[in-house]
Structures are given as structure tokens and as C-alpha cells.
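Just below is one structure, and these are the notes that go with it.
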Amino acid sequence: MGWEEKQVHGYPEFVQTAQRYHGRPIFALFCGDKDAEGRSWCPDCVTAEPVVRKELPNMPDESVFIYCLVGDRAYWKDPNNDFRKNLKLTGVPTLLKYGTPQKLVEEECFKAELVRMLFTED
Amino acid sequence: SVQAHKEDKPQKLLEMNGHTPVPHSYDYDLIVIGGGSGGLAAAKEAAKYEKKVMVLDFVTPTPLGNSWGLGGTCVNVGCIPKKLMHQAALLGQALQDSRKFGWQFTEEVKHNWMTMTESVQNYIGSLNWGYRVALREKNVTYENAYGEFVGPHTVKATNKRGVEKLYTAERFLIATGERPRYLGIPGDKEYCISSDDLFSLPYCPGKTLVVGASYVALECAGFLAGLGLDVTVMVRSILLRGFDQDMANKIGEYMEEHGINFIREFVPIKVEQIEEGTPGRLKVIAKSTNGNQIIEGEYNTVLLAIGRDACTRTIGLDKVGVKINEKTGKIPVNDEEQTNVPYIYAVGDILQDKLELTPVAIQAGRLLVQRLYAGATTKCDYVNVPTTVFTPLEYGACGYSEETAVEKFGEENIEVYHSHFWPLEWTVPSRDNNKCYAKIICNIQDNERVIGFHVLGPNAGEVTQGFAAAIKCGMTKDQLDSTIGIHPVCAEV
């Protein structure tokens with residue numbers, strides 16, 4: 001079947017989507033919001049996104065890739081935002097395998113080999 | 001054995017067992033067999049010096065089918081989950097104490113095994129992943145495969161699907177560690193668990209029989225009881241063999257006074273299943289070690305902690321001529337961790353006559369690599385290594401036990417100073433006032449130098465670490481006396 005991508009914005013939509021695909025491998029990339037011209041306030045996210053996208057074909061069959069925009073910079077900086085509190089995210093970009101402790105944070109997401117390892121590790 | 005067919009083809013590469021020629025240039029500078037404390041420390045260090053390194057790590061599943069990720073015993077089924085579960089038990093005690101300090105809560109406090117185990121396993125999973133990322137970032141090749149020697153400078157790596165690959169290296173480091181020993185009685189592998197299974201057990205163990213008197217046995221018995229379970233310890237002879245026996249007995253007494261049953265001088269001879277389940281019900285039949293008395297008992301879980309055996313018998317050491325102690329399986333090495341084969345080294349629990357501790361393996365691994373690739377000369381110092389046993393009453397030690405000091409220096413040449421103490425935190429909740437204990441052993445002939453330090457009490461590990469550094473510096477009794485204490489803490493004693 002291959003894999004599919006879902007794009008979400010904000011925490012409630014993320015949780016809803018993850019729950020809908022319970023039982024399938026779920027990978028999620030969290031990035032800062034993009035403006036009207038498609039530019040993110042998070043420069044590291046801009047660097048990481050193409051690296052991650054290039055490795056998506058390495059995900060196992062039936063995987064779901066959730067591309068999640070977390071919010072604007074002010075929201076992200078708030079230490080009590082839902083992503084920090086509930087998903088224990090510490091930075092953007094974060095790429096993780098949902099439901100496991102496996103994740104890559106910030107500059108780790110720039111490395112194609114690490115991204116591939118996350119997608120193919122069992 | 002090696003056979004050189006000189007009369008056939010002098011140019012032919014030397015072959016072992018007729019199949020694997022020795023190559024002239026190798027795939028790797030260093031292949032590490034075993035991804036535990038020692039192996040990973042050495043691999044990461046070697047990568048720092050731009051060496052081409054491979055780590056082979058593979059966990060043979062337990063008799064009950066349990067396995068785990070990269071990181072070795074300490075991370076997965078040893079120190080880390082042990083300390084976390086010990087902490088869970090301490091917190092239970094703290095909750096009880098808290099009422100005397102004014103905290104009011106109406107509900108009865110209960111413990112949920114699954115909640116604790118899931119949290120612990122989640123943390124371990126993050127450590128396994130962390131090691132994968134660290135190795136990848138340092139360009140260390142990692143394979144989840146069973147490594148064994150097949151010829152000079154050559155290992156065969158077999159993954160869980162049975163796929164075999166051959167790799168060659170200039171040097172090898174054996175760091176395969178140990179696994180729990182079984183009793184060799186009917187029902188042991190089918191029905192008993194070991195520490196390899198305990199920390200990820202998917203159900204509460206219930207009424208537990210712990211067989212053994214090692215620190216593994218006592219620590220596990222300790223936290224299981226601390227979590228509210230009915231625990232019995234079956235001991236063949238003495239507690240904590242190799243440790244100061246005065247301290248070992250105090251630990252045992254404390255555990256007994258706090259609800260842990262001890263059956264002394266018996267060994268199990270059969271384990272039968274009464275009822276399947278999670279947990280099930282097991283019948284244990286045991287025989288006395290002096291006499292013919294037979295006893296029976298029923299338990300939900302039987303945990304074997306009678307010792308650990310080195311993983312050295314099925315990794316092809318005979319194919320490369322590495323000598324092992326046939327009786328124990330341990331590998332003798334020189335003071336540079338080199339085996340009798342010059343290009344093969346070993347670190348960690350598998351070493352003969354060395355302490356089986358994570359920090360020792362890490363230090364030995366790192367220093368070895370620095371000597372090999374960075375021109376360093378420092379050797380690992382195995383003397384005065386501090387340790388701690390995380391029994392309900394924690395025990396920290398560094399240096400000689402009283403018995404070993406007497407044996408080495410003579411009773412008339414050592415002086416022992418000791419004291420009971422009552423931690424301030426224990427006074428209000430009326431906890432034992434005469435159980436915590438500290439003693440130092442001094443060498444009279446050497447300025448009363450402190451050669452042994454032993455403390456029994458809360459946070460023993462934290463207390464002992466600093467004193468270990470002082471002992472390494474050669475602290476004498478006078479220096480100790482002239483060090484003013486911090487008040488009010490246990491360590492001031």
C-alpha cells in the first residue's frame with residue numbers, strides 16, 4: 001500500500017489524526033508555522049524539511065507521515081504549550097516515531113542517515 | 001587448529017578450517033563484539049580517533065523469549081531498571097513516612113506494577129535509541145548480529161533472520177558480558193524467571209521466591225518487598241559472598257526485620273507448575289544443604305539470581321586460540337586488557353579476577369582505546385573501586401573488607417573505627433534508630449591510612465563516591481578526623 005501523508009495544524013488536530021491511524025506506523029515532523037509566502041519562522045525547520053521528505057520512501061508500508069505545524073513563534077516559546085507538555089517536545093524541528101521513545105531533534109533532522117535510521121529501525 | 005599446507009601452495013593464504021583466508025588489508029580497524037557498557041565506550045572512543053569501527057550486538061532471547069535493545073546489561077536488565085525500581089520502593093516508604101511529617105491523604109496507597117514497568121521500559125527505550133544515534137553520528141557501524149570468530153582476524157555476524165556476513169579487522173575487542181545462570185533442575189527454564197525477565201515482566205510477579213544471595217538477589221527481593229509483595233529469599237549458604245560479611249549480615253537482618261522471609265541453607269530441587277497464569281502458581285520443592293529435610297512452598301513467581309556466566313563459550317574463541325578459564329568461562333588478560341592473542345582484547349564482566357561493574361568496564365574500554373590509538377600509557381586502576389548495593393538499607397563500600405584486611409595485613413596491624421547513626425530524617429517517622437552503620441578500616445603501619453570504607457544507610461552511593469576519591473588520594477585517619485562534618489547529614493559520621 002505504500003505510505004500516506006496528512007498535514008495538520010495545532011495540537012488537537014494532531015492528536016485526532018494520530019488516533020485515527022492507531023495500529024499503523026506513524027511518523028511525525030513538527031515544524032513552525034509558515035507565513036503567506038510559505039516561509040517558516042523556524043530556520044532549522046526550513047533546512048530539515050527537504051531532508052526528511054527525501055527519506056519518506058524508506059518508511060515501512062502502511063506508514064502514515066503526519067506533517068504538523070505547531071503554531072507561531074510566540075506559541076512555541078511558551079513553556080506550557082501542549083506540544084511541550086503532552087508530547088514532551090523540546091525543540092522544532094522534531095521528527096519522531098509516534099508511540100516510541102525514538103526521535104530526532106533539531107540538527108539531528110538535517111542528517112539523512114539518521115532520518116533513514118529512524119524510518120527503517122525496528 | 002591451524003594447518004599450513006606448505007607443501008601444497010606456498011603462496012596460498014593461511015587457512016583455518018579450510019574456508020577463511022586471512023586478508024592483507026582489513027574491513028575495519030576495530031570490531032567490538034558486544035554493545036554494552038564496555039563495548040560502546042570503547043567504540044565511541046575509537047571513533048574519536050577517526051578509526052573505522054564496527055559494533056556487533058545481539059541478545060540471545062531468554063528461555064521465556066525475552067530480548068532487548070542496544071546498550072548491554074546495565075542499561076536494559078541491570079543497573080538502570082534496578083535503581084529505578086529501587087527508587088519506586090523508596091518512594092513507597094517515603095509516602096508512609098510523610099504522614100508523620102504532616103501530609104494527609106485519605107486513600108490507601110497502592111502500587112501499580114504495569115505503570116512503573118512501562119515508565120521504566122520507556123526510559124530504557126530512549127537510551128537504546130540514544131546509543132543508535134550516537135553510534136551513527138560518530139560513523140561507527142552497528143549491526144544487530146551475533147558475532148563469532150571463524151578464523152584469524154575474521155568474524156562471522158549472524159542476524160536474527162539467520163543471514164551471515166564475514167568481516168575482518170586489525171584488532172578485536174571482546175565485551176560480551178554475562179547472562180544469568182540457571183539451576184539445572186526440572187522446571188527451571190520453563191517456569192522460573194531471571195533478572196533478564198523481571199524488569200519488563202508484563203504482569204505483577206505477586207508472591208515471589210528469590211533464589212540466591214547475591215547482590216542481584218537481595219536488591220530484587222528488596223524492591224519487590226518495598227512495592228508491597230510477599231517475598232521470600234532462599235539462601236544456600238552465606239549472603240553477599242565476597243563482600244564484608246559483617247555488613248552483609250546487617251543487611252540481611254534489616255531485610256528480615258522489614259518483612260522479607262529468609263529460608264537459609266536450602267536449595268530448590270524441583271519447580272512444578274500448579275496453575276498457568278500471569279502470574280501463575282508454582283510449587284517449589286527444596287532440600288536442606290545439611291541433612292535430608294525437604295520443604296515445599298507455593299509462589300506466583302520464582303526469580304533465580306544464583307550467579308552469572310560469561311558469554312565466551314560460543315563465540316569461536318577456540319578458532320583464534322584465545323584462552324579462557326575453562327571452569328568459569330572468564331578470560332584472563334594482562335594489565336592492558338590484552339588476551340593471549342595479541343590483536344584480541346577484552347573488557348567488562350568477562351574478565352577474570354576483575355570487578356564486574358559498569359564504570360570499570362567503561363574506564364577500561366576508554367583507556368585501552370586511548371593506548372591503542374592515541375599514544376596514551378595510562379592503564380585502568382582496578383584498586384579502590386567504590387561500589388554500592390541498593391538493598392532496602394543501602395550499602396556503599398570502597399577498599400578492603402574487614403576480613404580481607406585482616407588476611408592481608410594481620411589483625412594486629414589494622415584498626416577499625418565504627419559507629420551506628422540515626423539519620424535525622426528517620427527520627428520523626430520513628431524509623432529504626434540503630435541500623436545505620438559506618439566503619440573504616442585503617443592500616444596502623446602506614447600512618448593509619450584508610451584502606452576500607454563501609455557505610456550502611458540512605459543514599460549510601462552518594463556518600464561513598466566522595467570518600468572513594470579521598471581514599472585514592474591516600475587519606476589517613478587523622479586527615480579524616482580533621483575534616484569537619486556537614487550537619488545534619490549522615491555522611492558527617
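The way I read the labels, and the way they are meant: chains A, B, ... in the order of the C-alpha cells, residue 1 as the first residue of every chain, and ligand 1 as the first ligand shown, with later ones counted on from there.
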
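Every chain A residue lying within 10 Å of chain B, based on only C-alpha atoms, is listed here: A:Gly99, A:Thr100, A:Pro101, A:Gln102, A:Lys103, A:Leu104, A:Glu108, A:Lys111, A:Glu113, A:Leu114, A:Val115, A:Met117, A:Leu118, A:Glu121.
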
Note to self: Could you list, as a PyMOL selection string, every residue within 12 Å of Ala46 in chain B, counting only C-alpha atoms and ignoring same-chain residues fewer than 4 positions away?
What the structure shows: chain B and resi 28-32+39-42+50-55+135+138-140+171-173+365-374

Notebook entry, point to check: So which residues of range 210-357 of chain B fall under helix (DSSP H, G or I) by DSSP, listed as a list in words?
Noted result: Tyr215, Val216, Ala217, Leu218, Glu219, Cys220, Ala221, Gly222, Phe223, Leu224, Ala225, Gly226, Gln245, Asp246, Met247, Ala248, Asn249, Lys250, Ile251, Gly252, Glu253, Tyr254, Met255, Glu256, Glu257, Leu317, Asp318, Lys319 and Val320 of chain B

Output N, CA and C atoms for every residue in the selection just made, as a PDB file, in the first residue's frame.
ATOM      1  N   TYR B 215      24.088  -9.875  45.269  1.00  0.00           N
ATOM      2  CA  TYR B 215      23.500  -8.548  45.398  1.00  0.00           C
ATOM      3  C   TYR B 215      22.286  -8.432  44.482  1.00  0.00           C
ATOM      4  N   VAL B 216      22.311  -9.155  43.346  1.00  0.00           N
ATOM      5  CA  VAL B 216      21.147  -9.138  42.459  1.00  0.00           C
ATOM      6  C   VAL B 216      19.931  -9.680  43.201  1.00  0.00           C
ATOM      7  N   ALA B 217      20.125 -10.815  43.879  1.00  0.00           N
ATOM      8  CA  ALA B 217      19.018 -11.425  44.614  1.00  0.00           C
ATOM      9  C   ALA B 217      18.497 -10.490  45.690  1.00  0.00           C
ATOM     10  N   LEU B 218      19.381  -9.926  46.496  1.00  0.00           N
ATOM     11  CA  LEU B 218      18.940  -9.096  47.613  1.00  0.00           C
ATOM     12  C   LEU B 218      18.346  -7.776  47.155  1.00  0.00           C
ATOM     13  N   GLU B 219      18.905  -7.186  46.115  1.00  0.00           N
ATOM     14  CA  GLU B 219      18.342  -5.929  45.616  1.00  0.00           C
ATOM     15  C   GLU B 219      16.941  -6.169  45.071  1.00  0.00           C
ATOM     16  N   CYS B 220      16.775  -7.230  44.281  1.00  0.00           N
ATOM     17  CA  CYS B 220      15.452  -7.518  43.710  1.00  0.00           C
ATOM     18  C   CYS B 220      14.457  -7.850  44.814  1.00  0.00           C
ATOM     19  N   ALA B 221      14.873  -8.706  45.750  1.00  0.00           N
ATOM     20  CA  ALA B 221      13.985  -9.049  46.854  1.00  0.00           C
ATOM     21  C   ALA B 221      13.590  -7.786  47.589  1.00  0.00           C
ATOM     22  N   GLY B 222      14.563  -6.919  47.779  1.00  0.00           N
ATOM     23  CA  GLY B 222      14.335  -5.668  48.493  1.00  0.00           C
ATOM     24  C   GLY B 222      13.289  -4.785  47.849  1.00  0.00           C
ATOM     25  N   PHE B 223      13.405  -4.537  46.554  1.00  0.00           N
ATOM     26  CA  PHE B 223      12.430  -3.606  45.979  1.00  0.00           C
ATOM     27  C   PHE B 223      11.070  -4.266  45.778  1.00  0.00           C
ATOM     28  N   LEU B 224      11.066  -5.576  45.499  1.00  0.00           N
ATOM     29  CA  LEU B 224       9.768  -6.248  45.357  1.00  0.00           C
ATOM     30  C   LEU B 224       8.987  -6.162  46.663  1.00  0.00           C
ATOM     31  N   ALA B 225       9.696  -6.363  47.786  1.00  0.00           N
ATOM     32  CA  ALA B 225       9.028  -6.256  49.078  1.00  0.00           C
ATOM     33  C   ALA B 225       8.606  -4.822  49.325  1.00  0.00           C
ATOM     34  N   GLY B 226       9.451  -3.891  48.937  1.00  0.00           N
ATOM     35  CA  GLY B 226       9.153  -2.475  49.120  1.00  0.00           C
ATOM     36  C   GLY B 226       7.925  -2.039  48.338  1.00  0.00           C
ATOM     37  N   GLN B 245      31.474  -9.449  55.443  1.00  0.00           N
ATOM     38  CA  GLN B 245      30.396 -10.266  55.992  1.00  0.00           C
ATOM     39  C   GLN B 245      29.671  -9.622  57.163  1.00  0.00           C
ATOM     40  N   ASP B 246      30.374  -8.787  57.907  1.00  0.00           N
ATOM     41  CA  ASP B 246      29.759  -8.020  58.992  1.00  0.00           C
ATOM     42  C   ASP B 246      28.633  -7.161  58.397  1.00  0.00           C
ATOM     43  N   MET B 247      28.934  -6.467  57.313  1.00  0.00           N
ATOM     44  CA  MET B 247      27.942  -5.606  56.654  1.00  0.00           C
ATOM     45  C   MET B 247      26.850  -6.460  56.010  1.00  0.00           C
ATOM     46  N   ALA B 248      27.245  -7.573  55.394  1.00  0.00           N
ATOM     47  CA  ALA B 248      26.267  -8.435  54.721  1.00  0.00           C
ATOM     48  C   ALA B 248      25.215  -8.923  55.712  1.00  0.00           C
ATOM     49  N   ASN B 249      25.662  -9.303  56.896  1.00  0.00           N
ATOM     50  CA  ASN B 249      24.713  -9.792  57.899  1.00  0.00           C
ATOM     51  C   ASN B 249      23.776  -8.703  58.375  1.00  0.00           C
ATOM     52  N   LYS B 250      24.307  -7.489  58.503  1.00  0.00           N
ATOM     53  CA  LYS B 250      23.446  -6.377  58.916  1.00  0.00           C
ATOM     54  C   LYS B 250      22.370  -6.115  57.868  1.00  0.00           C
ATOM     55  N   ILE B 251      22.765  -6.238  56.591  1.00  0.00           N
ATOM     56  CA  ILE B 251      21.794  -6.027  55.508  1.00  0.00           C
ATOM     57  C   ILE B 251      20.694  -7.078  55.599  1.00  0.00           C
ATOM     58  N   GLY B 252      21.115  -8.312  55.790  1.00  0.00           N
ATOM     59  CA  GLY B 252      20.159  -9.415  55.892  1.00  0.00           C
ATOM     60  C   GLY B 252      19.203  -9.229  57.061  1.00  0.00           C
ATOM     61  N   GLU B 253      19.747  -8.834  58.207  1.00  0.00           N
ATOM     62  CA  GLU B 253      18.915  -8.619  59.402  1.00  0.00           C
ATOM     63  C   GLU B 253      17.880  -7.550  59.140  1.00  0.00           C
ATOM     64  N   TYR B 254      18.320  -6.463  58.519  1.00  0.00           N
ATOM     65  CA  TYR B 254      17.396  -5.360  58.257  1.00  0.00           C
ATOM     66  C   TYR B 254      16.263  -5.843  57.354  1.00  0.00           C
ATOM     67  N   MET B 255      16.609  -6.600  56.320  1.00  0.00           N
ATOM     68  CA  MET B 255      15.587  -7.068  55.395  1.00  0.00           C
ATOM     69  C   MET B 255      14.603  -7.984  56.106  1.00  0.00           C
ATOM     70  N   GLU B 256      15.147  -8.829  56.965  1.00  0.00           N
ATOM     71  CA  GLU B 256      14.291  -9.762  57.689  1.00  0.00           C
ATOM     72  C   GLU B 256      13.346  -9.036  58.627  1.00  0.00           C
ATOM     73  N   GLU B 257      13.886  -8.025  59.323  1.00  0.00           N
ATOM     74  CA  GLU B 257      13.035  -7.276  60.252  1.00  0.00           C
ATOM     75  C   GLU B 257      11.987  -6.465  59.504  1.00  0.00           C
ATOM     76  N   LEU B 317      36.127 -18.633  20.231  1.00  0.00           N
ATOM     77  CA  LEU B 317      37.448 -18.263  20.748  1.00  0.00           C
ATOM     78  C   LEU B 317      38.483 -19.350  20.457  1.00  0.00           C
ATOM     79  N   ASP B 318      37.996 -20.592  20.398  1.00  0.00           N
ATOM     80  CA  ASP B 318      38.929 -21.678  20.110  1.00  0.00           C
ATOM     81  C   ASP B 318      39.505 -21.547  18.700  1.00  0.00           C
ATOM     82  N   LYS B 319      38.740 -20.924  17.784  1.00  0.00           N
ATOM     83  CA  LYS B 319      39.196 -20.811  16.406  1.00  0.00           C
ATOM     84  C   LYS B 319      40.342 -19.811  16.258  1.00  0.00           C
ATOM     85  N   VAL B 320      40.486 -18.933  17.233  1.00  0.00           N
ATOM     86  CA  VAL B 320      41.590 -17.979  17.152  1.00  0.00           C
ATOM     87  C   VAL B 320      42.571 -18.163  18.295  1.00  0.00           C
TER      88      VAL B 320
END

Margin query: Quick one: residues within 12 Å of Gly2 in chain A, only C-alpha atoms, excluding same-chain residues fewer than 5 positions away - as JSON, numbers by chain?
Written below: {"A": [24, 25, 56, 57, 58, 59, 60, 61, 62, 63, 64, 65]}

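When only C-alpha atoms are used to compute distances to Gly38 in chain B, the closest of the residues B:Tyr395, B:Tyr345, B:Phe199, B:Phe105 turns out to be B:Tyr345.
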
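In this structure, CA of Val428 in chain B sits 18.3 Å away from CA of His258 in chain B.
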
Checklist line | range 178-183 of chain B environment, 10 Å, only C-alpha atoms, sequence neighbours closer than 6 positions dropped, as an MDAnalysis selection string | finding: chainID B and resid 59:60 62 72:73 189 192:196 211 267:270 304:312 329:330 348:350 356

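Excluding Gln96 in chain B itself and any same-chain residue fewer than 5 positions from it, the protein and nucleic acid residues within 10 Å of it, counting only C-alpha atoms, are Leu90, Leu91, Phe101, Trp103, Val109 and Pro429 of chain B.
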
Kindly save the residues from that selection, with N, CA, C and O atoms included, as a JSON list (two decimals), in the first residue's frame.
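Final output, saved to selection-v4.json:
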[["chain", "number", "residue", "atom", "x", "y", "z"],
["B", 90, "LEU", "N", 11.51, 2.96, 47.46],
["B", 90, "LEU", "CA", 11.84, 4.01, 48.44],
["B", 90, "LEU", "C", 10.72, 5.05, 48.52],
["B", 90, "LEU", "O", 10.40, 5.55, 49.61],
["B", 91, "LEU", "N", 10.14, 5.37, 47.36],
["B", 91, "LEU", "CA", 9.06, 6.35, 47.35],
["B", 91, "LEU", "C", 7.86, 5.82, 48.11],
["B", 91, "LEU", "O", 7.16, 6.57, 48.78],
["B", 101, "PHE", "N", 5.09, 13.55, 58.89],
["B", 101, "PHE", "CA", 5.55, 14.91, 58.65],
["B", 101, "PHE", "C", 4.40, 15.83, 58.31],
["B", 101, "PHE", "O", 4.62, 16.97, 57.89],
["B", 103, "TRP", "N", 1.72, 15.24, 56.09],
["B", 103, "TRP", "CA", 0.94, 15.08, 54.85],
["B", 103, "TRP", "C", -0.28, 14.23, 55.13],
["B", 103, "TRP", "O", -0.19, 13.19, 55.77],
["B", 109, "VAL", "N", -2.52, 3.79, 49.99],
["B", 109, "VAL", "CA", -1.56, 3.88, 48.88],
["B", 109, "VAL", "C", -1.27, 2.48, 48.34],
["B", 109, "VAL", "O", -0.91, 1.58, 49.08],
["B", 429, "PRO", "N", 9.59, 9.97, 61.74],
["B", 429, "PRO", "CA", 8.69, 8.85, 61.46],
["B", 429, "PRO", "C", 9.01, 7.61, 62.26],
["B", 429, "PRO", "O", 8.53, 6.51, 61.96]]

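The residues of chain A that DSSP classifies as strand (DSSP E or B), using the backbone of this structure, are Glu4, Glu5, Lys6, Gln7, Val8, His9, Ile26, Phe27, Ala28, Leu29, Phe30, Cys31, Lys34, Ser40, Val64, Phe65, Ile66, Tyr67, Cys68, Leu69, Thr94, Leu95, Leu96, Lys97, Lys103, Leu104 and Val105 of chain A.
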
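Between CA of Ile440 in chain B and CA of Cys79 in chain B the interatomic distance comes to 26.2 Å.
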
Checklist line | Who sits within 10 Å of Glu425 in chain B, only C-alpha atoms, same chain under 3 positions skipped, as a PyMOL selection string | finding: chain B and resi 97+101+422+428-431+458+488-490

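The gap separating CA of Tyr382 in chain B from CA of Tyr343 in chain B is 22.4 Å, in Å to one decimal.
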